[in-house]
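With compact mmCIF, C-alpha atoms inside, this is work_26.txt:
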# COMPACT_ATOMS: atom_id res chain seq x y z
CA MET R 1 133.29 134.87 108.29
CA ASN R 2 130.52 132.36 108.74
CA ALA R 3 130.77 129.28 110.94
CA LEU R 4 128.22 126.51 111.19
CA ILE R 5 128.36 124.36 114.32
CA ILE R 6 126.38 121.12 114.40
CA GLY R 7 125.80 119.80 117.89
CA CYS R 8 125.41 122.13 120.82
CA GLY R 9 126.68 120.06 123.70
CA ARG R 10 129.53 121.11 125.96
CA VAL R 11 131.98 121.07 123.07
CA GLY R 12 129.84 122.55 120.31
CA SER R 13 128.47 125.36 122.47
CA SER R 14 131.94 126.35 123.73
CA ILE R 15 133.28 126.48 120.19
CA ALA R 16 130.28 128.55 119.09
CA LEU R 17 130.72 131.05 121.91
CA GLN R 18 134.43 131.35 121.35
CA LEU R 19 134.18 131.83 117.59
CA GLN R 20 131.43 134.38 118.10
CA ARG R 21 133.67 136.30 120.52
CA GLU R 22 136.40 136.21 117.91
CA GLY R 23 134.14 137.97 115.45
CA TRP R 24 132.61 135.11 113.45
CA ASP R 25 128.98 134.95 112.43
CA VAL R 26 127.95 131.69 114.03
CA THR R 27 124.95 129.45 113.38
CA VAL R 28 124.33 126.51 115.68
CA VAL R 29 122.19 123.44 114.93
CA ASP R 30 121.05 120.93 117.53
CA GLU R 31 118.24 118.40 117.53
CA ASN R 32 117.28 119.50 121.02
CA GLU R 33 115.75 122.89 121.64
CA ASP R 34 117.02 122.94 125.22
CA ALA R 35 120.59 123.01 123.97
CA LEU R 36 120.16 126.70 123.23
CA ALA R 37 120.51 127.32 126.98
CA ARG R 38 124.17 126.34 126.72
CA LEU R 39 124.79 129.43 124.61
CA GLY R 40 123.76 131.73 127.44
CA GLU R 41 120.91 134.20 127.69
CA HIS R 42 121.99 136.61 125.02
CA TRP R 43 123.19 134.45 122.16
CA PRO R 44 123.52 136.87 119.25
CA GLY R 45 124.00 134.20 116.59
CA ALA R 46 121.45 131.94 114.94
CA PHE R 47 120.16 128.71 116.44
CA LEU R 48 118.21 126.03 114.58
CA VAL R 49 116.50 122.93 115.87
CA GLY R 50 116.99 120.01 113.51
CA GLN R 51 119.03 117.02 112.43
CA GLY R 52 122.49 117.86 111.17
CA ILE R 53 122.29 115.15 108.52
CA ASP R 54 119.16 116.72 107.02
CA VAL R 55 120.25 118.66 103.95
CA ASP R 56 117.25 120.99 104.23
CA VAL R 57 118.28 121.89 107.76
CA LEU R 58 121.87 122.46 106.65
CA ARG R 59 120.70 124.72 103.84
CA GLU R 60 118.43 126.66 106.15
CA ALA R 61 121.38 127.03 108.51
CA GLY R 62 123.28 128.66 105.67
CA ILE R 63 125.81 125.94 104.91
CA GLU R 64 126.15 127.25 101.37
CA ASP R 65 127.72 130.43 102.70
CA ALA R 66 129.70 128.82 105.51
CA ASP R 67 133.47 129.26 105.62
CA ALA R 68 133.84 126.61 108.30
CA VAL R 69 131.69 123.72 109.45
CA VAL R 70 132.21 121.94 112.77
CA ALA R 71 130.47 118.62 113.41
CA ALA R 72 130.46 118.07 117.16
CA THR R 73 127.36 115.99 117.92
CA ASP R 74 127.63 113.13 120.39
CA GLY R 75 127.59 110.55 117.58
CA ASP R 76 130.83 109.68 115.81
CA ASN R 77 129.07 108.34 112.75
CA THR R 78 126.73 111.32 112.58
CA ASN R 79 129.75 113.65 112.61
CA ILE R 80 131.45 111.52 109.96
CA LEU R 81 128.41 111.81 107.71
CA ILE R 82 127.89 115.54 108.29
CA GLY R 83 131.57 116.15 107.61
CA GLN R 84 131.50 114.29 104.31
CA VAL R 85 128.28 115.96 103.19
CA ALA R 86 129.77 119.39 103.98
CA GLN R 87 132.98 118.50 102.18
CA LYS R 88 131.67 116.67 99.12
CA ARG R 89 128.22 118.10 98.57
CA PHE R 90 128.68 121.69 99.68
CA ASP R 91 132.37 122.03 98.91
CA ILE R 92 133.26 123.56 102.27
CA GLY R 93 137.02 123.93 102.53
CA CYS R 94 137.24 123.92 106.30
CA VAL R 95 135.37 120.97 107.79
CA VAL R 96 136.29 119.92 111.30
CA ILE R 97 134.72 116.86 112.89
CA ARG R 98 134.93 115.25 116.27
CA ILE R 99 135.43 111.48 116.37
CA LEU R 100 135.83 109.86 119.76
CA ASP R 101 136.94 106.47 118.42
CA PRO R 102 140.68 106.67 117.59
CA ALA R 103 140.47 103.95 114.92
CA ARG R 104 137.74 105.67 112.93
CA ALA R 105 139.50 108.99 113.51
CA ASP R 106 142.62 107.64 111.78
CA PHE R 107 140.65 106.26 108.84
CA TYR R 108 138.73 109.46 108.16
CA SER R 109 141.60 111.87 108.74
CA ALA R 110 143.42 110.01 105.96
CA ARG R 111 140.49 110.97 103.72
CA GLY R 112 140.88 114.71 103.86
CA LEU R 113 138.67 115.56 106.80
CA ARG R 114 140.09 117.55 109.70
CA VAL R 115 139.45 115.10 112.48
CA VAL R 116 139.83 115.88 116.15
CA CYS R 117 139.92 112.84 118.42
CA PRO R 118 139.50 113.88 122.07
CA THR R 119 140.16 110.31 123.19
CA LYS R 120 143.58 110.30 121.59
CA THR R 121 144.33 113.72 123.02
CA ALA R 122 143.30 112.49 126.46
CA ILE R 123 145.46 109.38 126.15
CA ASP R 124 148.49 111.42 125.10
CA THR R 125 147.97 113.98 127.85
CA LEU R 126 147.45 111.32 130.50
CA MET R 127 150.52 109.40 129.34
CA GLU R 128 152.54 112.56 129.46
CA ALA R 129 151.27 113.28 132.96
CA VAL R 130 152.15 109.78 134.17
CA ARG R 131 155.61 109.93 132.60
CA SER R 132 156.34 113.27 134.18
CA CYS R 133 155.55 112.04 137.69
CA ALA R 134 158.54 112.05 140.00
CA ILE R 135 158.80 108.40 140.99
CA PRO R 136 161.63 107.37 143.35
CA PRO R 137 164.31 105.51 141.27
CA ALA R 138 164.26 102.42 143.50
CA ARG R 139 160.63 101.79 142.66
CA VAL R 140 161.25 102.03 138.93
CA THR R 141 163.90 99.31 138.77
CA GLY R 142 161.79 97.01 140.97
CA MET O 1 130.63 82.46 100.22
CA TYR O 2 131.52 84.35 103.39
CA ALA O 3 129.13 87.11 104.46
CA VAL O 4 129.34 89.56 107.34
CA VAL O 5 125.92 90.88 108.33
CA ALA O 6 125.88 93.99 110.50
CA GLY O 7 122.68 94.48 112.48
CA GLY O 8 120.65 91.69 114.03
CA GLY O 9 117.17 93.19 113.88
CA LYS O 10 114.37 91.63 111.85
CA VAL O 11 116.07 92.39 108.55
CA GLY O 12 119.61 91.37 109.49
CA ALA O 13 118.61 88.23 111.38
CA ASN O 14 116.37 87.01 108.57
CA VAL O 15 119.00 87.67 105.95
CA ALA O 16 121.62 85.85 108.05
CA ARG O 17 119.26 82.91 108.54
CA SER O 18 118.51 82.72 104.82
CA LEU O 19 122.19 82.83 103.89
CA LEU O 20 122.99 80.07 106.37
CA ARG O 21 120.17 77.96 104.96
CA LEU O 22 121.74 78.34 101.53
CA GLY O 23 124.94 76.92 102.97
CA HIS O 24 126.96 80.11 103.22
CA GLU O 25 129.30 81.06 106.01
CA VAL O 26 127.92 83.98 108.01
CA THR O 27 128.91 86.19 110.90
CA LEU O 28 126.14 88.35 112.30
CA ILE O 29 127.02 91.38 114.42
CA GLU O 30 124.58 92.83 116.95
CA GLN O 31 125.25 95.58 119.45
CA LYS O 32 122.29 95.41 121.85
CA ARG O 33 122.75 92.92 124.67
CA ASP O 34 119.18 91.62 124.91
CA ARG O 35 118.86 91.18 121.19
CA PHE O 36 122.29 89.54 121.01
CA GLU O 37 121.39 87.03 123.72
CA ARG O 38 118.24 86.01 121.89
CA LEU O 39 120.17 85.65 118.64
CA GLU O 40 122.88 83.63 120.35
CA ASP O 41 120.39 80.86 121.16
CA GLU O 42 119.82 80.42 117.45
CA PHE O 43 123.05 81.47 115.76
CA GLU O 44 125.52 80.37 118.49
CA HIS O 45 129.10 81.26 117.50
CA GLN O 46 127.87 82.79 114.25
CA VAL O 47 126.68 85.92 116.02
CA GLN O 48 129.04 88.33 117.73
CA ARG O 49 128.25 91.20 120.02
CA GLY O 50 129.61 94.64 119.29
CA ASP O 51 129.32 97.94 117.45
CA ALA O 52 129.92 97.09 113.80
CA THR O 53 131.30 100.56 113.13
CA GLU O 54 134.26 99.77 115.40
CA LEU O 55 137.24 98.36 113.55
CA HIS O 56 138.13 95.76 116.17
CA VAL O 57 134.58 94.41 116.08
CA LEU O 58 134.69 94.12 112.30
CA GLU O 59 138.12 92.53 112.49
CA ARG O 60 136.94 89.97 115.02
CA ALA O 61 134.19 89.11 112.53
CA GLY O 62 136.84 88.47 109.89
CA ILE O 63 136.54 91.65 107.83
CA ALA O 64 140.22 91.44 106.92
CA ARG O 65 139.86 88.08 105.14
CA PRO O 66 137.97 89.87 103.45
CA PRO O 67 134.41 88.50 103.22
CA ASP O 68 132.83 88.10 99.78
CA ILE O 69 130.06 90.41 100.86
CA VAL O 70 129.23 92.77 103.69
CA LEU O 71 125.62 93.68 104.43
CA ALA O 72 125.12 96.87 106.42
CA LEU O 73 121.58 96.33 107.72
CA THR O 74 121.35 98.17 111.04
CA GLY O 75 118.45 100.48 111.81
CA ASP O 76 120.78 103.47 111.74
CA ASP O 77 121.71 105.06 108.43
CA GLU O 78 124.84 106.78 109.70
CA ASP O 79 126.10 103.44 111.01
CA ASN O 80 125.29 101.68 107.74
CA LEU O 81 127.19 104.34 105.82
CA VAL O 82 130.29 104.03 107.98
CA ILE O 83 130.17 100.22 107.91
CA ALA O 84 129.91 100.27 104.12
CA GLN O 85 132.74 102.78 103.75
CA LEU O 86 135.05 100.88 106.08
CA ALA O 87 134.30 97.56 104.38
CA LYS O 88 134.88 98.88 100.88
CA GLU O 89 137.64 101.36 101.35
CA LYS O 90 139.62 100.09 104.31
CA TYR O 91 139.28 96.34 103.88
CA GLY O 92 138.69 96.03 100.15
CA VAL O 93 135.42 94.13 100.39
CA GLU O 94 134.11 93.93 96.83
CA GLN O 95 130.41 93.58 97.44
CA VAL O 96 128.64 95.81 99.93
CA ILE O 97 124.91 96.22 100.25
CA ALA O 98 123.55 98.90 102.57
CA ARG O 99 120.11 99.40 104.01
CA VAL O 100 118.62 102.89 103.91
CA ASN O 101 116.11 103.37 106.72
CA ASP O 102 115.07 106.94 106.00
CA PRO O 103 114.62 107.60 102.27
CA ARG O 104 115.80 111.18 102.82
CA ASN O 105 119.25 109.74 103.50
CA GLN O 106 119.43 108.05 100.09
CA ALA O 107 121.25 111.07 98.69
CA HIS O 108 124.02 110.63 101.27
CA PHE O 109 124.62 107.03 100.19
CA ASP O 110 124.70 108.14 96.55
CA LEU O 111 127.07 110.99 97.38
CA LEU O 112 129.51 108.62 99.06
CA GLY O 113 129.26 105.99 96.34
CA ILE O 114 127.60 103.34 98.49
CA SER O 115 125.68 101.11 96.12
CA PRO O 116 123.56 99.07 95.90
CA THR O 117 121.24 100.22 98.63
CA VAL O 118 117.86 98.94 99.70
CA CYS O 119 115.17 101.15 101.14
CA ALA O 120 111.90 99.52 102.15
CA THR O 121 109.99 102.80 102.18
CA SER O 122 111.09 103.75 98.67
CA SER O 123 110.31 100.29 97.33
CA ILE O 124 106.84 100.35 98.83
CA MET O 125 106.19 103.85 97.51
CA ALA O 126 107.31 102.80 94.03
CA LEU O 127 104.87 99.88 94.17
CA VAL O 128 102.08 102.13 95.37
CA GLU O 129 102.78 104.53 92.53
CA HIS O 130 102.73 101.68 90.06
CA GLU O 131 99.52 100.16 91.41
CA VAL O 132 97.68 103.43 91.99
CA PRO O 133 99.00 105.70 89.28
CA GLU O 134 98.28 109.26 90.28
CA HIS O 135 101.00 110.63 88.12
CA ASP O 136 101.40 110.53 84.38
CA LEU O 137 105.04 109.49 84.73
CA ILE O 138 105.88 106.64 87.06
CA HIS O 139 109.37 105.72 88.22
CA LEU O 140 109.83 102.00 87.81
CA LEU O 141 113.51 101.43 88.37
CA GLU O 142 116.56 103.41 89.28
CA LEU O 143 119.88 102.22 87.89
CA ARG O 144 122.11 104.13 90.24
CA LYS O 145 125.42 102.85 88.98
CA GLU O 146 124.50 103.70 85.42
CA ASN O 147 122.90 107.00 86.44
CA LEU O 148 119.80 106.07 84.49
CA GLU O 149 116.22 105.38 85.35
CA ILE O 150 113.31 103.61 83.74
CA VAL O 151 109.91 105.30 83.77
CA GLU O 152 106.46 104.49 82.47
CA VAL O 153 104.37 107.10 80.68
CA MET O 154 100.69 106.75 79.82
CA ILE O 155 99.76 108.28 76.48
CA ASP O 156 96.23 109.66 76.29
CA GLY O 157 94.09 111.26 73.58
CA ASP O 158 95.31 114.77 74.41
CA SER O 159 98.97 113.80 74.21
CA PRO O 160 100.76 115.48 71.29
CA SER O 161 102.66 112.25 70.71
CA ALA O 162 99.49 110.22 70.07
CA GLY O 163 99.41 109.28 66.40
CA LYS O 164 103.11 110.09 65.90
CA ARG O 165 105.95 107.76 65.03
CA VAL O 166 108.77 107.46 67.55
CA GLU O 167 111.32 108.72 65.01
CA SER O 168 109.40 111.97 64.59
CA LEU O 169 109.44 112.78 68.29
CA GLU O 170 112.02 115.26 69.47
CA LEU O 171 113.10 113.29 72.50
CA PRO O 172 115.53 115.02 74.83
CA ASP O 173 119.18 113.98 74.75
CA GLY O 174 119.67 111.25 77.28
CA ALA O 175 116.22 109.72 76.86
CA ARG O 176 115.02 106.80 74.73
CA LEU O 177 111.79 104.88 74.47
CA ILE O 178 112.14 101.19 75.23
CA SER O 179 108.76 99.61 74.62
CA VAL O 180 105.11 100.22 74.01
CA MET O 181 102.42 98.21 75.75
CA ARG O 182 99.09 98.17 73.92
CA SER O 183 96.07 96.04 74.81
CA GLY O 184 98.16 93.81 77.02
CA ARG O 185 100.98 93.24 74.52
CA ALA O 186 104.39 94.87 74.68
CA GLU O 187 106.56 95.67 71.69
CA ILE O 188 110.04 97.12 71.48
CA ALA O 189 109.81 100.76 70.47
CA VAL O 190 111.56 101.36 67.15
CA GLY O 191 111.60 104.41 64.89
CA ALA O 192 108.54 103.27 62.98
CA THR O 193 106.46 102.49 66.06
CA GLN O 194 103.41 104.71 66.11
CA LEU O 195 102.15 105.84 69.50
CA GLU O 196 98.44 105.75 70.23
CA ALA O 197 96.20 106.90 73.04
CA GLY O 198 96.15 104.29 75.79
CA ASP O 199 99.72 103.15 75.19
CA GLN O 200 101.91 102.50 78.19
CA VAL O 201 105.38 103.54 77.13
CA LEU O 202 108.57 102.56 78.92
CA ALA O 203 111.44 104.99 78.62
CA ILE O 204 115.01 105.01 79.86
CA LEU O 205 116.51 108.36 80.73
CA GLU O 206 119.02 110.27 82.78
CA PRO O 207 117.57 111.45 86.09
CA GLY O 208 116.36 115.03 85.73
CA LYS O 209 115.11 114.63 82.14
CA GLU O 210 111.60 113.70 83.27
CA ASP O 211 110.11 117.12 82.59
CA GLU O 212 111.53 117.32 79.07
CA LEU O 213 110.27 113.82 78.29
CA ARG O 214 106.89 114.69 79.73
CA ARG O 215 106.71 117.77 77.51
CA VAL O 216 107.49 115.84 74.36
CA LEU O 217 105.14 112.95 75.06
CA LEU O 218 102.36 114.65 76.99
CA ARG O 219 102.90 118.41 76.63
CA ARG O 220 102.58 118.91 80.38

What do you get writing this file as structure tokens?
Amino acid sequence: MNALIIGCGRVGSSIALQLQREGWDVTVVDENEDALARLGEHWPGAFLVGQGIDVDVLREAGIEDADAVVAATDGDNTNILIGQVAQKRFDIGCVVIRILDPARADFYSARGLRVVCPTKTAIDTLMEAVRSCAIPPARVTG
Amino acid sequence: MYAVVAGGGKVGANVARSLLRLGHEVTLIEQKRDRFERLEDEFEHQVQRGDATELHVLERAGIARPPDIVLALTGDDEDNLVIAQLAKEKYGVEQVIARVNDPRNQAHFDLLGISPTVCATSSIMALVEHEVPEHDLIHLLELRKENLEIVEVMIDGDSPSAGKRVESLELPDGARLISVMRSGRAEIAVGATQLEAGDQVLAILEPGKEDELRRVLLRR
């Protein structure tokens, strides 16, 4: 199976490495050449330098044969655009995008994109952690 | 009319200023602090600071009223796309105009149904093409909503269509001749109009039919 990962920061590179370990053929695109270092010294997949919103770059990265596309650049709106291009122009069934802003995440997940919002996840996890603290009862009623 | 203008650069600020001069109600949104502070001296409460792709910023600017028109004029095409989508699809704004900074992104706006758009580079290139015709078929106007375009074709002595009547031409489906300009005078092209070398012909056609039209008129 082919995966195309746009954005090779901490998130994108980790996903690329993990999918590759799980047996996927992975292509990674980042606008910065130095990002390749995040994939380690012996990255067996493909790596392209370019803008993820550039259709020529996406084609060269093999989007037409991709089974899954992950948009994980550091720009919410860039990911939103890449996700919609992958979904509507290239008909990719599995499009996953990262949106940090919870409000935009809600809007676009209602439009058929698989949206992951790390901010919301963090809020939920932190809330859960706070709630699960053992606080002496006297302090709670005060 | 109430207008929300996103992006307070040269384009956005001048558009906001012009709208205000015409007596319209305007809120201008600018993200960068230094630019915002300069704008605030002029626009006062009519400029707000924030990222116009954030819902709470748009809502503070009154997007939920909703405005009669939203102008997405930032220098960032991804931002303009998101602003336009949110305005239209989340808040039901009826009129949205988006700026395209990089003409290569035009296809994205078309794909997502954002129209009309304005792209300075494309407009300038169209003018250059018109003024300095290097091509035998010049794009004059794109009617995106209609999925049609208007082109100009110069007929010369070698053209197979020279000396023929319009009705005898085998024009491709989805293409029609509009007018013929000859020695400075334009006439509507009808079936009986005879083409001659030197004619400037306007045609309306579906995008992608250029080559077929070129073959019929120019055999190229």

Using all atoms listed in the file, which chain R residues lie at most 7 Å away from chain O, written as a PyMOL selection string?
chain R and resi 77-78+81+103

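Between atom CA of O:Gly198 and atom CA of O:Ser183 the separation is 8.3 Å.
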
One-decimal distance in Å that lies between atom CA of R:Lys88 and atom CA of R:Val26:
21.5 Å

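Atom pair atom CA of O:Arg49 / atom CA of O:Gly8: separated by 9.7 Å.
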
Tell me, as a ChimeraX atom specification, which residues lie within 9 Å of stretch 32-43 of chain R, counting only C-alpha atoms; anything in the same chain fewer than 3 positions away does not count.
/R:7-10,13-14,16-17,28-29,46-50

Would you kindly identify which residues have an atom no farther than 9 Å from (92.0, 109.3, 73.6), using all atoms listed in the file and the file's own coordinates, and write them out as a short mmCIF file (atom, residue, chain, number, x, y, z; two decimals) with C-alpha atoms, keeping the file's coordinate frame?
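Here's the written file selection.cif:
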data_model
loop_
_atom_site.label_atom_id
_atom_site.label_comp_id
_atom_site.auth_asym_id
_atom_site.auth_seq_id
_atom_site.Cartn_x
_atom_site.Cartn_y
_atom_site.Cartn_z
CA ILE O 155 99.76 108.28 76.48
CA ASP O 156 96.23 109.66 76.29
CA GLY O 157 94.09 111.26 73.58
CA ASP O 158 95.31 114.77 74.41
CA SER O 159 98.97 113.80 74.21
CA ALA O 162 99.49 110.22 70.07
CA GLU O 196 98.44 105.75 70.23
CA ALA O 197 96.20 106.90 73.04
CA GLY O 198 96.15 104.29 75.79
#

From the options O:Val190, O:Val216, O:Val11, O:Cys119, which residue's atoms come nearest to O:Asp173, counting all atoms listed in the file?
O:Val216

Residue contacts of O:Arg176 (8 Å, only C-alpha atoms) excluding same-chain residues fewer than 3 positions away, as a list in words:
Leu171, Ala203, Ile204 and Leu205 of chain O

Would you output that residue set with C-alpha atoms, as a PDB file, in the frame of the given file?
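result-v3.pdb, freshly written:
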ATOM      1  CA  LEU O 171     113.100 113.290  72.500  1.00  0.00           C
ATOM      2  CA  ALA O 203     111.440 104.990  78.620  1.00  0.00           C
ATOM      3  CA  ILE O 204     115.010 105.010  79.860  1.00  0.00           C
ATOM      4  CA  LEU O 205     116.510 108.360  80.730  1.00  0.00           C
TER       5      LEU O 205
END

Could you pull out every residue with an atom within 7 Å of (126.1, 91.5, 122.9), file coordinates, counting all atoms listed in the file, and send them as a short mmCIF file (atom, residue, chain, number, x, y, z; two decimals) with C-alpha atoms, in the coordinates of the input?
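Listed below is the output, selection_17.cif:
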data_model
loop_
_atom_site.label_atom_id
_atom_site.label_comp_id
_atom_site.auth_asym_id
_atom_site.auth_seq_id
_atom_site.Cartn_x
_atom_site.Cartn_y
_atom_site.Cartn_z
CA GLU O 30 124.58 92.83 116.95
CA GLN O 31 125.25 95.58 119.45
CA LYS O 32 122.29 95.41 121.85
CA ARG O 33 122.75 92.92 124.67
CA PHE O 36 122.29 89.54 121.01
CA GLU O 37 121.39 87.03 123.72
CA GLN O 48 129.04 88.33 117.73
CA ARG O 49 128.25 91.20 120.02
CA GLY O 50 129.61 94.64 119.29
#

What's around O:Leu143 at 12 Å? Count only C-alpha atoms, leave out sequence neighbours fewer than 6 positions away in its own chain, and write the answer as a PyMOL selection string.
chain O and resi 110+115-117+149-151+204-207

Given 8 Å of margin on each side, can you work out the centre and size in Å (one decimal) of an axis-aligned box holding every listed atom of stretch 160-168 of chain O, as JSON?
{"center_x": 105.4, "center_y": 111.5, "center_z": 67.9, "size_x": 27.9, "size_y": 24.0, "size_z": 22.7}

Can you list, as JSON, numbers by chain, every protein, DNA or RNA residue that comes within 10 Å of O:Glu170 when you count only C-alpha atoms, leaving out same-chain residues fewer than 3 positions away?
{"O": [161, 166, 167, 173, 212, 213, 215, 216, 217]}

Excluding O:Gln46 and any residue of its chain fewer than 3 positions from it, enumerate the residues within 8 Å of it, using all atoms listed in the file, and give them as number ranges by chain.
O: 26-28, 40, 43

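Using only C-alpha atoms for every distance, the candidate list O:Lys209, O:Gly7, O:Asp68, O:Leu73 yields O:Asp68 as the residue closest to O:Gln95.
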
Have stretch 78-93 of chain O completed to N, CA and C atoms, please, and pass it along as an mmCIF file, in the frame of the given file.
data_model
loop_
_atom_site.group_PDB
_atom_site.id
_atom_site.type_symbol
_atom_site.label_atom_id
_atom_site.label_comp_id
_atom_site.auth_asym_id
_atom_site.auth_seq_id
_atom_site.Cartn_x
_atom_site.Cartn_y
_atom_site.Cartn_z
ATOM 1 N N GLU O 78 123.456 106.332 109.546
ATOM 2 C CA GLU O 78 124.840 106.780 109.700
ATOM 3 C C GLU O 78 125.760 105.571 109.907
ATOM 4 N N ASP O 79 125.297 104.635 110.755
ATOM 5 C CA ASP O 79 126.100 103.440 111.010
ATOM 6 C C ASP O 79 126.276 102.634 109.725
ATOM 7 N N ASN O 80 125.194 102.468 108.974
ATOM 8 C CA ASN O 80 125.290 101.680 107.740
ATOM 9 C C ASN O 80 126.273 102.309 106.755
ATOM 10 N N LEU O 81 126.263 103.634 106.702
ATOM 11 C CA LEU O 81 127.190 104.340 105.820
ATOM 12 C C LEU O 81 128.641 104.086 106.215
ATOM 13 N N VAL O 82 128.908 104.207 107.506
ATOM 14 C CA VAL O 82 130.290 104.030 107.980
ATOM 15 C C VAL O 82 130.734 102.576 107.780
ATOM 16 N N ILE O 83 129.840 101.636 108.098
ATOM 17 C CA ILE O 83 130.170 100.220 107.910
ATOM 18 C C ILE O 83 130.514 99.956 106.440
ATOM 19 N N ALA O 84 129.688 100.487 105.552
ATOM 20 C CA ALA O 84 129.910 100.270 104.120
ATOM 21 C C ALA O 84 131.220 100.905 103.664
ATOM 22 N N GLN O 85 131.491 102.114 104.133
ATOM 23 C CA GLN O 85 132.740 102.780 103.750
ATOM 24 C C GLN O 85 133.964 102.031 104.261
ATOM 25 N N LEU O 86 133.909 101.615 105.515
ATOM 26 C CA LEU O 86 135.050 100.880 106.080
ATOM 27 C C LEU O 86 135.265 99.582 105.310
ATOM 28 N N ALA O 87 134.173 98.856 105.062
ATOM 29 C CA ALA O 87 134.300 97.560 104.380
ATOM 30 C C ALA O 87 134.927 97.735 103.005
ATOM 31 N N LYS O 88 134.411 98.705 102.251
ATOM 32 C CA LYS O 88 134.880 98.880 100.880
ATOM 33 C C LYS O 88 136.286 99.458 100.826
ATOM 34 N N GLU O 89 136.451 100.554 101.569
ATOM 35 C CA GLU O 89 137.640 101.360 101.350
ATOM 36 C C GLU O 89 138.799 100.998 102.272
ATOM 37 N N LYS O 90 138.506 100.469 103.436
ATOM 38 C CA LYS O 90 139.620 100.090 104.310
ATOM 39 C C LYS O 90 140.001 98.626 104.114
ATOM 40 N N TYR O 91 138.990 97.772 103.918
ATOM 41 C CA TYR O 91 139.280 96.340 103.880
ATOM 42 C C TYR O 91 139.136 95.730 102.487
ATOM 43 N N GLY O 92 138.756 96.534 101.514
ATOM 44 C CA GLY O 92 138.690 96.030 100.150
ATOM 45 C C GLY O 92 137.617 94.992 99.896
ATOM 46 N N VAL O 93 136.535 95.046 100.645
ATOM 47 C CA VAL O 93 135.420 94.130 100.390
ATOM 48 C C VAL O 93 134.777 94.545 99.064
#
